[in-house]
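**Student:** Let me begin by handing over the structure; questions about it come next.
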Amino acid sequence: MSTQKNHAELSEIFNKDEDRVNWHDETLWWVRQKRDKASHAIPDWELLREMASQIKNNVLSELDTYLIQFEAKATENGIKVHWAADAAEHNQIVKDILDKNGVKQMVKSKSMLTEECHLNHYLEEHGIDVIDSDLGERIVQLAKEPPSHIVLPCIHKKKEEIGDLFHIHLGTEAGMSDPQVLTETARLHLREVFLTRKAALTGVNFAVAETGEFVVCTNEGNADMGAHLADVHIASMGIEKLIPERKHLGVFLRLLTRSATGQPITTYSSHFKRPRKGQEMHIILVDNGRSTQLGRPDFRNSLKCIRCGACMNTCPVYRRSGGHSYHTAIAGPIGSILAPNLDMKDYADLPFASTLCGSCTNVCPVKIDIHDQLYKWRQVIVKEGYGDKKKAAGMHAMDWTLASPSLFNLAGKAGRWTLKHAPFAVNNSMNPWYKHRDMPKPPAQSFTEWFKTNRPQ
Amino acid sequence: MSSRADILSRIAKNKPQYIAAPDISAFGNKHSSNANLDQFCAVATGIGATIIFINNLSEIKTYIRNQITNNKRIISSIPELIGLAEDGTLVQAIPHKLEDVELAIICAEFGVAENGALWVTETQMGTRILPFITQHLAIVVNANDIVGDMHASYIRTAGSDHNFAAFIAGPSKTADIEQSLVLGAHGSRSLVVFVLNMDICDESDRPVL
Ligand code: SF4
């Protein structure tokens with residue numbers, strides 16, 4: 001492990017405030033229930049998931065062809081297409097575009113990709129000011145924190161904390177924490193920003209190979225406010241965001257928001273095909289490890305992800321440990337599969353931050369086998385020597401105990417005695433297993449002892 | 001250039017064997033019907049829109065006169081409303097000039113029953129920014145232009161060309177602060193949908209799109 005704190009240690013910080021943990025847990029579960037209600041109202045739901053999954057299978061098997069097709073169409077439509085092998089190249093391309101246009105201030109709508117690339121930080125270092133316009137993202141930006149959830153960036157924050165931030169930065173009355181008032185304040189503040197920025201960056205939800213158009217979904221309208229007022233619109237997308245044909249949008253737009261928040265669709269699903277007259281439009285196609293993940297048969301399915309966040313809302317570990325404990329741009333179950341692809345050593349802990357209950361897999365709209373992949377990553381990580389060393393020592397002791405029947409019996413007796421009379425001996429911070437689990441109540445008898453007294457004569 | 005070649009060659013090397021895209025025709029083509037209109041109205045109301053049935057476009061004028069009593073700016077790209085509203089097609093070049101628009105009234109090509117969304121293209125917007133920057137938005141749709149679902153939407157718009165187009169469903173909103181729903185985030189604070197009453201076509205009368 002690097003010096004970076006791991007998931008268990010970071011969760012411990014989050015878990016200090018039990019009331020907040022309960023609140024976080026319940027809020028996300030409520031979102032999950034809204035998803036259930038919305039999905040149950042669609043008789044075709046399972047068919048939709050299956051179709052989405054199959055469309056994505058096709059995309060992954062033809063990704064190079066679709067990218068070339070998309071590039072040709074988009075170029076024909078007057079959009080400038082760029083290719084970035086990694087985060088650094090993506091950031092450089094953005095900066096070059098801004099430099100060429102003499103832009104020192106940019107407004108940005110939600111893009112998890114730019115979080116993954118640490119774009120804001122990079123641009124700030126180069127003297128370019130970036131303002132996030134999604135309300136949740138603006139809030140975490142003011143708090144100098146990363147988003148803790150891909151759809152609900154400030155789900156970890158209480159309204160009083162947001163009120164304090166707005167008081168300091170946007171001049172609201174001290175103690176004001178009414179969501180209506182705070183949202184109105186942000187609306188006025190960001191309107192000024194939209195009207196004065198010459199460049200806007202947006203994410204991309206779907207890009208259509210057939211037509212060269214791309215779709216951006218928001219509830220707030222911030223992507224549109226930025227893009228349609230700016231002289232330069234930059235759209236950053238991971239290469240896996242492609243879909244073959246326009247008609248496939250029907251499948252994905254039906255699934256995305258119902259899975260994310262339980263809404264039937266986002267307020268705005270904007271289809272950008274050509275720049276407006278006099279406007280420059282750029283698309284940056286970003287790889288950043290995706291083509292490598294494509295080559296890992298066990299993990300390539302993670303590239304089907306449409307970033308709905310449903311796997312996080314349902315995850316008992318995410319709900320009770322908070323997004324920041326994952327120390328990566330994309331938290332939760334899917335983030336725990338994506339991150340080790342980028343750096344197996346730094347993110348070796350994440351595939352272990354799961355109970356493998358499979359709830360994520362059940363809700364995933366594109367049918368990613370999330371919990372299976374987490375399980376498979378564990379094996380890869382341990383095999384490659386990045387596993388938790390303390391846990392490895394315990395495993396060796398277990399190997400040795402399980403290999404000998406007499407030692408096993410003795411260890412069982414001792415273990416039951418310890419759990420009963422001295423639970424602190426196992427439930428302490430020296431025991432890395434306890435960090436992830438509650439120790440069970442010990443049975444009075446082992447199965448062997450029970451069998452001896454009860455076996456049929 | 002080199003990154004492009006690198007990425008493409010890595011994909012070519014790493015991609016799985018060809019898998020065909022599925023046939024999605026099983027979802028059918030749920031185009032206009034009475035049932036769609038009822039569902040559309042219910043869903044759109046549920047996401048914060050206000051539905052108003054009208055028999056002709058001049059009823060919109062009466063509605064607006066009642067709603068907007070002060071001298072606030074009204075823009076429309078619907079010819080029948082010019083006079084009461086400024087002509088939205090004339091402001092094309094400078095989107096910033098729409099900053100103080102109070103109400104915009106535009107047409108939609110069609111609505112979608114399953115989610116209350118309305119399909120509006122740049123042609124109908126006049127200026128792309130209009131439906132977003134306006135404080136309040138009104139969209140007019142024909143009662144017989146409500147399709148069942150998103151599959152039918154894309155069948156209906158197949159082959160059509162647009163520089164920019166959007167599905168708009170309800171007023172702009174956010175729930176980023178403790179999941180409390182607030183209407184009027186960055187886009188319009190409200191959405192009125194004027195449903196223009198016409199005889200609903202029988203399904204069989206409609207050309208198959
Ligand atoms: S993995 Fe599935 S459930 Fe999780 S964010 Fe991606 S699409 Fe949604």
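As shown in the structure tokens, the chain order sets the letters A, B, ...; within each chain, residues go from 1, and ligands are also counted from 1 in the order they appear.
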What are the residues of chain B lining chain A at 8 Å or less? Count only C-alpha atoms, and put the answer as a compact mmCIF listing (two decimals) with N, CA and C atoms, in the first residue's frame.
**Tutor:**
```
# COMPACT_ATOMS: atom_id res chain seq x y z
N MET B 1 -1.90 13.02 -33.82
CA MET B 1 -2.03 11.88 -34.73
C MET B 1 -1.57 10.60 -34.07
N SER B 3 -1.42 9.68 -30.94
CA SER B 3 -2.31 9.12 -29.92
C SER B 3 -3.48 8.42 -30.57
N ARG B 4 -3.98 9.02 -31.63
CA ARG B 4 -5.10 8.40 -32.35
C ARG B 4 -4.70 7.00 -32.81
N ASP B 6 -2.27 5.14 -31.74
CA ASP B 6 -2.01 4.28 -30.57
C ASP B 6 -3.30 3.70 -30.00
N ILE B 7 -4.25 4.59 -29.79
CA ILE B 7 -5.52 4.17 -29.18
C ILE B 7 -6.20 3.14 -30.08
N LEU B 8 -6.28 3.47 -31.36
CA LEU B 8 -6.97 2.57 -32.29
C LEU B 8 -6.27 1.22 -32.38
N ARG B 10 -4.41 -0.20 -30.06
CA ARG B 10 -4.61 -0.92 -28.80
C ARG B 10 -6.02 -1.54 -28.75
N ILE B 11 -6.99 -0.78 -29.22
CA ILE B 11 -8.36 -1.31 -29.24
C ILE B 11 -8.43 -2.52 -30.18
N ALA B 12 -7.85 -2.37 -31.37
CA ALA B 12 -7.89 -3.46 -32.35
C ALA B 12 -7.29 -4.73 -31.75
N LYS B 13 -6.22 -4.54 -30.99
CA LYS B 13 -5.54 -5.69 -30.39
C LYS B 13 -6.37 -6.28 -29.24
N ASN B 14 -6.99 -5.43 -28.45
CA ASN B 14 -7.63 -5.88 -27.21
C ASN B 14 -9.12 -6.20 -27.29
N LYS B 15 -9.76 -5.78 -28.36
CA LYS B 15 -11.22 -5.92 -28.38
C LYS B 15 -11.64 -7.39 -28.49
N PRO B 16 -12.78 -7.69 -27.91
CA PRO B 16 -13.25 -9.08 -28.00
C PRO B 16 -13.75 -9.40 -29.41
N GLN B 17 -14.03 -10.65 -29.62
CA GLN B 17 -14.57 -11.07 -30.91
C GLN B 17 -15.85 -10.34 -31.24
N TYR B 18 -16.10 -10.16 -32.50
CA TYR B 18 -17.27 -9.42 -32.95
C TYR B 18 -18.57 -9.98 -32.36
N ILE B 19 -19.36 -9.09 -31.80
CA ILE B 19 -20.70 -9.45 -31.32
C ILE B 19 -21.67 -8.50 -32.01
N ALA B 20 -22.69 -9.05 -32.65
CA ALA B 20 -23.63 -8.21 -33.39
C ALA B 20 -24.50 -7.39 -32.44
N ALA B 21 -24.94 -6.23 -32.88
CA ALA B 21 -25.89 -5.43 -32.09
C ALA B 21 -27.24 -6.14 -32.13
N PRO B 22 -28.00 -6.07 -31.02
CA PRO B 22 -29.27 -6.79 -30.99
C PRO B 22 -30.34 -6.09 -31.84
N ILE B 24 -33.66 -4.36 -31.85
CA ILE B 24 -34.49 -3.76 -30.80
C ILE B 24 -35.92 -3.50 -31.28
N ALA B 93 -27.96 35.81 -33.76
CA ALA B 93 -26.52 35.92 -33.63
C ALA B 93 -26.01 36.12 -32.20
N PRO B 95 -26.74 35.36 -28.54
CA PRO B 95 -27.55 34.69 -27.53
C PRO B 95 -27.63 35.46 -26.21
N HIS B 96 -26.55 36.20 -25.89
CA HIS B 96 -26.52 36.93 -24.62
C HIS B 96 -27.63 37.96 -24.50
N GLU B 114 -44.37 8.42 -21.98
CA GLU B 114 -43.77 7.71 -20.84
C GLU B 114 -42.98 8.62 -19.91
N ASN B 115 -42.53 9.78 -20.41
CA ASN B 115 -41.69 10.60 -19.53
C ASN B 115 -42.03 12.09 -19.56
N ALA B 117 -41.60 14.22 -21.83
CA ALA B 117 -40.62 15.05 -22.54
C ALA B 117 -41.19 15.57 -23.85
N ARG B 128 -30.79 28.69 -29.85
CA ARG B 128 -30.61 27.53 -28.97
C ARG B 128 -30.75 27.85 -27.48
N ILE B 129 -30.27 29.01 -27.11
CA ILE B 129 -30.24 29.30 -25.68
C ILE B 129 -31.63 29.62 -25.13
N PHE B 132 -33.57 27.72 -22.42
CA PHE B 132 -32.80 27.52 -21.19
C PHE B 132 -32.65 28.82 -20.41
N ILE B 133 -32.43 29.91 -21.14
CA ILE B 133 -32.12 31.18 -20.46
C ILE B 133 -33.38 31.89 -19.99
N MET B 150 -39.72 6.36 -25.87
CA MET B 150 -38.52 6.88 -26.50
C MET B 150 -38.17 6.12 -27.79
N HIS B 151 -38.55 4.86 -27.85
CA HIS B 151 -38.27 4.12 -29.09
C HIS B 151 -39.04 4.76 -30.24
N SER B 153 -40.04 7.74 -30.34
CA SER B 153 -39.46 9.06 -30.60
C SER B 153 -38.35 8.99 -31.64
N TYR B 154 -37.48 8.01 -31.44
CA TYR B 154 -36.35 7.94 -32.37
C TYR B 154 -36.76 7.37 -33.72
N ILE B 155 -37.81 6.57 -33.73
CA ILE B 155 -38.33 6.12 -35.03
C ILE B 155 -38.90 7.33 -35.75
N ALA B 158 -36.13 9.56 -37.07
CA ALA B 158 -35.09 8.90 -37.86
C ALA B 158 -34.87 9.66 -39.17
N HIS B 162 -30.89 17.99 -37.68
CA HIS B 162 -31.03 19.13 -36.79
C HIS B 162 -29.63 19.49 -36.34
N ASN B 163 -29.37 20.76 -36.15
CA ASN B 163 -28.05 21.16 -35.65
C ASN B 163 -27.97 20.92 -34.14
N PHE B 164 -29.10 21.22 -33.52
CA PHE B 164 -29.22 21.03 -32.08
C PHE B 164 -30.68 20.74 -31.80
N ALA B 165 -30.93 19.83 -30.89
CA ALA B 165 -32.30 19.53 -30.50
C ALA B 165 -32.27 18.97 -29.08
N ALA B 166 -33.41 19.05 -28.40
CA ALA B 166 -33.42 18.56 -27.03
C ALA B 166 -34.78 18.00 -26.67
N PHE B 167 -34.76 17.00 -25.81
CA PHE B 167 -35.98 16.62 -25.11
C PHE B 167 -36.03 17.51 -23.88
N ILE B 168 -37.16 18.17 -23.68
CA ILE B 168 -37.32 19.00 -22.48
C ILE B 168 -38.47 18.42 -21.67
N ALA B 169 -38.20 18.10 -20.43
CA ALA B 169 -39.21 17.46 -19.58
C ALA B 169 -39.35 18.24 -18.29
N GLY B 170 -40.36 19.08 -18.22
CA GLY B 170 -40.60 19.83 -16.99
C GLY B 170 -39.66 21.02 -16.85
N PRO B 171 -39.82 21.78 -15.76
CA PRO B 171 -38.93 22.91 -15.51
C PRO B 171 -37.57 22.41 -15.02
N SER B 172 -36.56 23.26 -15.05
CA SER B 172 -35.24 22.84 -14.57
C SER B 172 -35.34 22.60 -13.06
N LYS B 173 -34.53 21.70 -12.57
CA LYS B 173 -34.64 21.34 -11.16
C LYS B 173 -33.33 20.82 -10.61
N THR B 174 -33.25 20.80 -9.31
CA THR B 174 -32.10 20.20 -8.65
C THR B 174 -32.55 19.64 -7.31
N ASP B 176 -29.80 18.75 -5.26
CA ASP B 176 -28.43 18.56 -4.76
C ASP B 176 -28.28 18.90 -3.29
N ILE B 177 -29.16 19.73 -2.75
CA ILE B 177 -29.06 20.05 -1.33
C ILE B 177 -29.97 19.11 -0.55
N GLU B 178 -29.37 18.17 0.08
CA GLU B 178 -30.08 17.18 0.91
C GLU B 178 -31.27 16.54 0.21
N GLN B 179 -31.18 16.38 -1.08
CA GLN B 179 -32.24 15.72 -1.84
C GLN B 179 -33.59 16.44 -1.77
N SER B 180 -33.58 17.74 -1.39
CA SER B 180 -34.84 18.50 -1.43
C SER B 180 -35.01 19.03 -2.84
N VAL B 182 -35.88 21.35 -5.70
CA VAL B 182 -36.12 22.77 -5.92
C VAL B 182 -36.29 22.99 -7.43
N GLY B 184 -36.36 25.32 -10.79
CA GLY B 184 -35.67 26.55 -11.20
C GLY B 184 -34.22 26.51 -10.77
N ALA B 185 -33.45 25.60 -11.36
CA ALA B 185 -32.01 25.55 -11.07
C ALA B 185 -31.34 26.58 -11.97
N HIS B 186 -30.94 26.19 -13.17
CA HIS B 186 -30.33 27.17 -14.08
C HIS B 186 -31.22 27.48 -15.27
N GLY B 187 -32.05 26.53 -15.63
CA GLY B 187 -32.95 26.72 -16.76
C GLY B 187 -34.26 27.35 -16.31
```
**Student:** Give me, as a list of chain:residue names, all polymer residues having an atom no more than 10 Å from Gln92 of chain A, counting only C-alpha atoms and skipping those fewer than 6 positions away in the same chain.
**Tutor:** A:Ala84, A:Leu98, A:Leu119, A:Tyr122, A:Leu123
**Student:** Limited to N, CA and C atoms, could you put the picked residues into a file as a compact mmCIF listing (two decimals), in the first residue's frame?
**Tutor:**
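Below is the file part_25.txt, written as the result:
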```txt
# COMPACT_ATOMS: atom_id res chain seq x y z
N ALA A 84 -7.01 11.75 -27.01
CA ALA A 84 -6.09 11.85 -25.87
C ALA A 84 -5.82 10.46 -25.31
N LEU A 98 -7.97 26.54 -25.09
CA LEU A 98 -8.24 27.78 -24.35
C LEU A 98 -7.19 28.84 -24.68
N LEU A 119 -8.59 17.78 -14.12
CA LEU A 119 -8.48 18.93 -15.02
C LEU A 119 -8.47 20.26 -14.28
N TYR A 122 -5.16 21.08 -12.78
CA TYR A 122 -4.18 21.36 -13.83
C TYR A 122 -4.37 22.77 -14.39
N LEU A 123 -5.61 23.10 -14.71
CA LEU A 123 -5.85 24.41 -15.32
C LEU A 123 -5.55 25.54 -14.33
```
**Student:** Write out as a ChimeraX atom specification the set of residues from segment 13-171 of chain A that DSSP, computed on the backbone, places in helix (DSSP H, G or I).
**Tutor:** /A:13-14,18-40,45-61,63-76,87-100,112-116,119-125,135-142,159-170
**Student:** Name the residues of chain B that fall into strand (DSSP E) according to DSSP on the backbone, using the chain letters and numbers of this document, as an MDAnalysis selection string.
**Tutor:** chainID B and resid 50:54 73:76 86:87 101:107 110:112 118:121 136:142 146:147 164:168 173:174 182:183 190:196
**Student:** From the set A:Leu170, A:Ser302, A:Glu384, A:Gly322, which residue has the shortest atom-to-atom contact distance to ligand 1, counting only C-alpha atoms and all ligand atoms?
**Tutor:**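 Between A:Leu170, A:Ser302, A:Glu384, A:Gly322, the residue approaching ligand 1 most closely is A:Ser302.
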**Student:** Once you count only C-alpha atoms and all ligand atoms, which residues end up within 7 Å of ligand 1, and could you hand them over as a tab-separated table (two decimals) with all heavy atoms, in the first residue's frame?
**Tutor:**
```tsv
chain	number	residue	atom	x	y	z
A	302	SER	N	-16.80	-3.65	-17.43
A	302	SER	CA	-16.92	-2.40	-16.67
A	302	SER	C	-17.01	-1.20	-17.62
A	302	SER	O	-17.49	-0.14	-17.23
A	302	SER	CB	-15.75	-2.24	-15.70
A	302	SER	OG	-14.54	-2.19	-16.43
A	304	LYS	N	-18.96	-0.88	-19.98
A	304	LYS	CA	-20.34	-0.66	-20.41
A	304	LYS	C	-21.03	0.42	-19.56
A	304	LYS	O	-22.12	0.87	-19.89
A	304	LYS	CB	-21.16	-1.94	-20.24
A	304	LYS	CG	-20.76	-3.08	-21.13
A	304	LYS	CD	-21.61	-4.28	-20.72
A	304	LYS	CE	-21.46	-5.45	-21.62
A	304	LYS	NZ	-22.31	-6.57	-21.13
A	305	CYS	N	-20.41	0.77	-18.46
A	305	CYS	CA	-21.04	1.65	-17.46
A	305	CYS	C	-21.55	2.95	-18.08
A	305	CYS	O	-20.86	3.62	-18.83
A	305	CYS	CB	-20.01	1.96	-16.37
A	305	CYS	SG	-20.60	3.12	-15.15
A	306	ILE	N	-22.79	3.32	-17.74
A	306	ILE	CA	-23.35	4.60	-18.20
A	306	ILE	C	-23.41	5.62	-17.06
A	306	ILE	O	-24.07	6.65	-17.16
A	306	ILE	CB	-24.73	4.42	-18.87
A	306	ILE	CG1	-25.74	3.76	-17.92
A	306	ILE	CG2	-24.61	3.62	-20.16
A	306	ILE	CD1	-27.18	3.75	-18.44
A	307	ARG	N	-22.71	5.32	-15.97
A	307	ARG	CA	-22.55	6.28	-14.86
A	307	ARG	C	-23.88	6.75	-14.26
A	307	ARG	O	-24.10	7.94	-14.08
A	307	ARG	CB	-21.76	7.51	-15.33
A	307	ARG	CG	-20.39	7.22	-15.91
A	307	ARG	CD	-19.36	6.88	-14.87
A	307	ARG	NE	-18.01	6.85	-15.42
A	307	ARG	CZ	-17.41	5.77	-15.92
A	307	ARG	NH1	-18.04	4.59	-15.93
A	307	ARG	NH2	-16.18	5.85	-16.38
A	308	CYS	N	-24.75	5.80	-13.95
A	308	CYS	CA	-26.04	6.17	-13.39
A	308	CYS	C	-25.97	6.28	-11.87
A	308	CYS	O	-26.80	6.92	-11.25
A	308	CYS	CB	-27.11	5.15	-13.79
A	308	CYS	SG	-26.91	3.57	-12.95
A	309	GLY	N	-24.99	5.62	-11.27
A	309	GLY	CA	-24.84	5.69	-9.82
A	309	GLY	C	-25.71	4.71	-9.03
A	309	GLY	O	-25.64	4.68	-7.80
A	310	ALA	N	-26.51	3.90	-9.72
A	310	ALA	CA	-27.41	2.99	-8.99
A	310	ALA	C	-26.64	2.01	-8.11
A	310	ALA	O	-27.08	1.67	-7.02
A	310	ALA	CB	-28.30	2.23	-9.97
A	311	CYS	N	-25.47	1.57	-8.59
A	311	CYS	CA	-24.71	0.59	-7.80
A	311	CYS	C	-24.21	1.20	-6.49
A	311	CYS	O	-24.02	0.50	-5.51
A	311	CYS	CB	-23.56	0.00	-8.63
A	311	CYS	SG	-22.39	1.19	-9.28
A	312	MET	N	-24.02	2.52	-6.50
A	312	MET	CA	-23.58	3.17	-5.26
A	312	MET	C	-24.74	3.30	-4.29
A	312	MET	O	-24.61	3.03	-3.10
A	312	MET	CB	-23.04	4.56	-5.56
A	312	MET	CG	-21.94	4.50	-6.57
A	312	MET	SD	-21.36	6.13	-7.03
A	312	MET	CE	-20.24	5.58	-8.30
A	333	PRO	N	-19.06	0.62	-5.99
A	333	PRO	CA	-18.72	-0.65	-6.62
A	333	PRO	C	-18.05	-0.51	-7.99
A	333	PRO	O	-17.02	-1.12	-8.24
A	333	PRO	CB	-20.08	-1.35	-6.73
A	333	PRO	CG	-20.89	-0.78	-5.61
A	333	PRO	CD	-20.45	0.65	-5.50
A	334	ILE	N	-18.62	0.33	-8.87
A	334	ILE	CA	-18.02	0.41	-10.21
A	334	ILE	C	-16.65	1.08	-10.16
A	334	ILE	O	-15.71	0.65	-10.83
A	334	ILE	CB	-18.97	1.12	-11.22
A	334	ILE	CG1	-18.38	1.10	-12.64
A	334	ILE	CG2	-19.29	2.55	-10.82
A	334	ILE	CD1	-18.23	-0.26	-13.26
A	360	CYS	N	-25.46	-4.58	-6.38
A	360	CYS	CA	-25.01	-3.70	-7.47
A	360	CYS	C	-25.33	-4.34	-8.82
A	360	CYS	O	-25.87	-3.70	-9.72
A	360	CYS	CB	-23.52	-3.40	-7.35
A	360	CYS	SG	-22.49	-4.83	-6.99
A	363	VAL	N	-29.03	-4.16	-9.82
A	363	VAL	CA	-29.62	-2.89	-10.26
A	363	VAL	C	-28.97	-2.33	-11.52
A	363	VAL	O	-29.56	-1.46	-12.17
A	363	VAL	CB	-29.60	-1.79	-9.16
A	363	VAL	CG1	-30.44	-2.21	-7.98
A	363	VAL	CG2	-28.18	-1.45	-8.75
A	364	CYS	N	-27.79	-2.79	-11.86
A	364	CYS	CA	-27.06	-2.17	-12.98
A	364	CYS	C	-27.85	-2.23	-14.29
A	364	CYS	O	-28.20	-3.29	-14.75
A	364	CYS	CB	-25.70	-2.84	-13.16
A	364	CYS	SG	-24.80	-2.15	-14.56
A	365	PRO	N	-28.14	-1.06	-14.87
A	365	PRO	CA	-28.98	-1.03	-16.08
A	365	PRO	C	-28.32	-1.65	-17.31
A	365	PRO	O	-29.02	-1.97	-18.27
A	365	PRO	CB	-29.22	0.47	-16.29
A	365	PRO	CG	-28.08	1.14	-15.63
A	365	PRO	CD	-27.73	0.29	-14.44
A	366	VAL	N	-27.01	-1.80	-17.29
A	366	VAL	CA	-26.36	-2.42	-18.44
A	366	VAL	C	-25.82	-3.81	-18.09
A	366	VAL	O	-24.99	-4.36	-18.80
A	366	VAL	CB	-25.24	-1.53	-19.03
A	366	VAL	CG1	-25.84	-0.33	-19.74
A	366	VAL	CG2	-24.29	-1.06	-17.94
A	367	LYS	N	-26.31	-4.32	-16.96
A	367	LYS	CA	-26.01	-5.69	-16.54
A	367	LYS	C	-24.52	-6.01	-16.41
A	367	LYS	O	-24.06	-7.03	-16.91
A	367	LYS	CB	-26.65	-6.68	-17.52
A	367	LYS	CG	-28.16	-6.78	-17.41
A	367	LYS	CD	-28.63	-8.00	-18.15
A	367	LYS	CE	-29.94	-8.51	-17.63
A	367	LYS	NZ	-30.39	-9.71	-18.31
A	368	ILE	N	-23.79	-5.10	-15.79
A	368	ILE	CA	-22.39	-5.41	-15.52
A	368	ILE	C	-22.34	-6.37	-14.33
A	368	ILE	O	-23.06	-6.17	-13.35
A	368	ILE	CB	-21.59	-4.12	-15.20
A	368	ILE	CG1	-21.67	-3.15	-16.39
A	368	ILE	CG2	-20.13	-4.46	-14.89
A	368	ILE	CD1	-21.05	-1.79	-16.11
A	370	ILE	N	-20.93	-6.72	-11.65
A	370	ILE	CA	-20.05	-5.92	-10.78
A	370	ILE	C	-19.44	-6.74	-9.65
A	370	ILE	O	-18.22	-6.75	-9.46
A	370	ILE	CB	-20.81	-4.71	-10.18
A	370	ILE	CG1	-21.48	-3.91	-11.30
A	370	ILE	CG2	-19.88	-3.82	-9.37
A	370	ILE	CD1	-22.40	-2.79	-10.83
```
**Student:** At what distance in Å, to one decimal, does atom CA of Arg258 of chain A lie from atom CA of Val317 of chain A?
**Tutor:**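 Between atom CA of Val317 of chain A and atom CA of Arg258 of chain A the gap is 22.2 Å.
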**Student:** Quick one: residues within 10 Å of Gly88 of chain B, only C-alpha atoms counted, chain neighbours fewer than 5 positions away excluded, as a list in words?
**Tutor:** Ile74, Ile75, Ser76, Ser77, Ile78, Pro79, Ile82, Leu98, Ala104, Ile105, Ile106, Gln124, Met125, Gly126, Thr127 and Leu130 of chain B
**Student:** Keeping only C-alpha atoms, take the residues you just selected and write them out as a PDB file, in the first residue's frame.
**Tutor:**
```
ATOM      1  CA  ILE B  74     -41.688  37.808 -24.100  1.00  0.00           C
ATOM      2  CA  ILE B  75     -40.159  36.013 -27.058  1.00  0.00           C
ATOM      3  CA  SER B  76     -41.676  33.554 -29.443  1.00  0.00           C
ATOM      4  CA  SER B  77     -40.848  31.933 -32.712  1.00  0.00           C
ATOM      5  CA  ILE B  78     -44.522  31.158 -33.380  1.00  0.00           C
ATOM      6  CA  PRO B  79     -45.731  33.564 -36.114  1.00  0.00           C
ATOM      7  CA  ILE B  82     -45.606  37.945 -32.883  1.00  0.00           C
ATOM      8  CA  LEU B  98     -31.788  36.998 -24.386  1.00  0.00           C
ATOM      9  CA  ALA B 104     -40.450  32.127 -24.175  1.00  0.00           C
ATOM     10  CA  ILE B 105     -43.131  30.326 -26.170  1.00  0.00           C
ATOM     11  CA  ILE B 106     -42.035  27.725 -28.663  1.00  0.00           C
ATOM     12  CA  GLN B 124     -38.382  25.706 -33.210  1.00  0.00           C
ATOM     13  CA  MET B 125     -36.223  27.334 -30.562  1.00  0.00           C
ATOM     14  CA  GLY B 126     -35.191  30.118 -32.913  1.00  0.00           C
ATOM     15  CA  THR B 127     -32.051  30.506 -30.826  1.00  0.00           C
ATOM     16  CA  LEU B 130     -33.838  30.530 -25.578  1.00  0.00           C
TER      17      LEU B 130
END
```
**Student:** With 10 Å as the cut-off and only C-alpha atoms counted, what is the closest atom pair between each nearby residue of segment 116-147 of chain B and segment 49-71 of chain B? Distances in Å to one decimal, ordered by chain and number, as a Markdown table.
**Tutor:**
```
| residue | atom | partner | partner_atom | distance |
| --- | --- | --- | --- | --- |
| B:Gly116 | CA | B:Ala49 | CA | 8.6 |
| B:Leu137 | CA | B:Ala49 | CA | 9.9 |
| B:Ala138 | CA | B:Thr50 | CA | 9.3 |
| B:Ile139 | CA | B:Ile51 | CA | 9.9 |
| B:Val140 | CA | B:Leu57 | CA | 8.8 |
| B:Val141 | CA | B:Phe53 | CA | 9.9 |
| B:Asn142 | CA | B:Ile54 | CA | 9.7 |
| B:Ala143 | CA | B:Phe53 | CA | 8.7 |
```
**Student:** Output N, CA, C and O atoms for every residue in the selection just made, as a tab-separated table (two decimals), in the first residue's frame.
**Tutor:**
```
chain	number	residue	atom	x	y	z
B	116	GLY	N	-43.05	12.46	-20.30
B	116	GLY	CA	-43.47	13.86	-20.31
B	116	GLY	C	-42.52	14.79	-21.06
B	116	GLY	O	-42.61	16.01	-20.92
B	137	LEU	N	-40.94	29.06	-19.37
B	137	LEU	CA	-41.03	28.49	-20.71
B	137	LEU	C	-42.43	27.95	-20.96
B	137	LEU	O	-43.05	27.37	-20.06
B	138	ALA	N	-42.93	28.18	-22.17
B	138	ALA	CA	-44.19	27.55	-22.59
B	138	ALA	C	-43.93	26.83	-23.90
B	138	ALA	O	-43.26	27.36	-24.78
B	139	ILE	N	-44.43	25.62	-23.99
B	139	ILE	CA	-44.23	24.83	-25.21
B	139	ILE	C	-45.60	24.39	-25.73
B	139	ILE	O	-46.45	23.92	-24.96
B	140	VAL	N	-45.81	24.56	-27.02
B	140	VAL	CA	-47.07	24.17	-27.63
B	140	VAL	C	-46.89	22.85	-28.36
B	140	VAL	O	-45.91	22.67	-29.09
B	141	VAL	N	-47.81	21.94	-28.13
B	141	VAL	CA	-47.72	20.65	-28.83
B	141	VAL	C	-49.12	20.25	-29.28
B	141	VAL	O	-50.12	20.54	-28.59
B	142	ASN	N	-49.21	19.64	-30.43
B	142	ASN	CA	-50.50	19.14	-30.90
B	142	ASN	C	-50.92	17.91	-30.11
B	142	ASN	O	-50.09	17.03	-29.84
B	143	ALA	N	-52.18	17.85	-29.78
B	143	ALA	CA	-52.67	16.71	-28.99
B	143	ALA	C	-52.44	15.38	-29.71
B	143	ALA	O	-52.28	14.35	-29.06
```
**Student:** Figure out the distance between atom CA of Ile79 of chain A and atom CA of His282 of chain A, please, to one decimal in Å.
**Tutor:** 5.6 Å
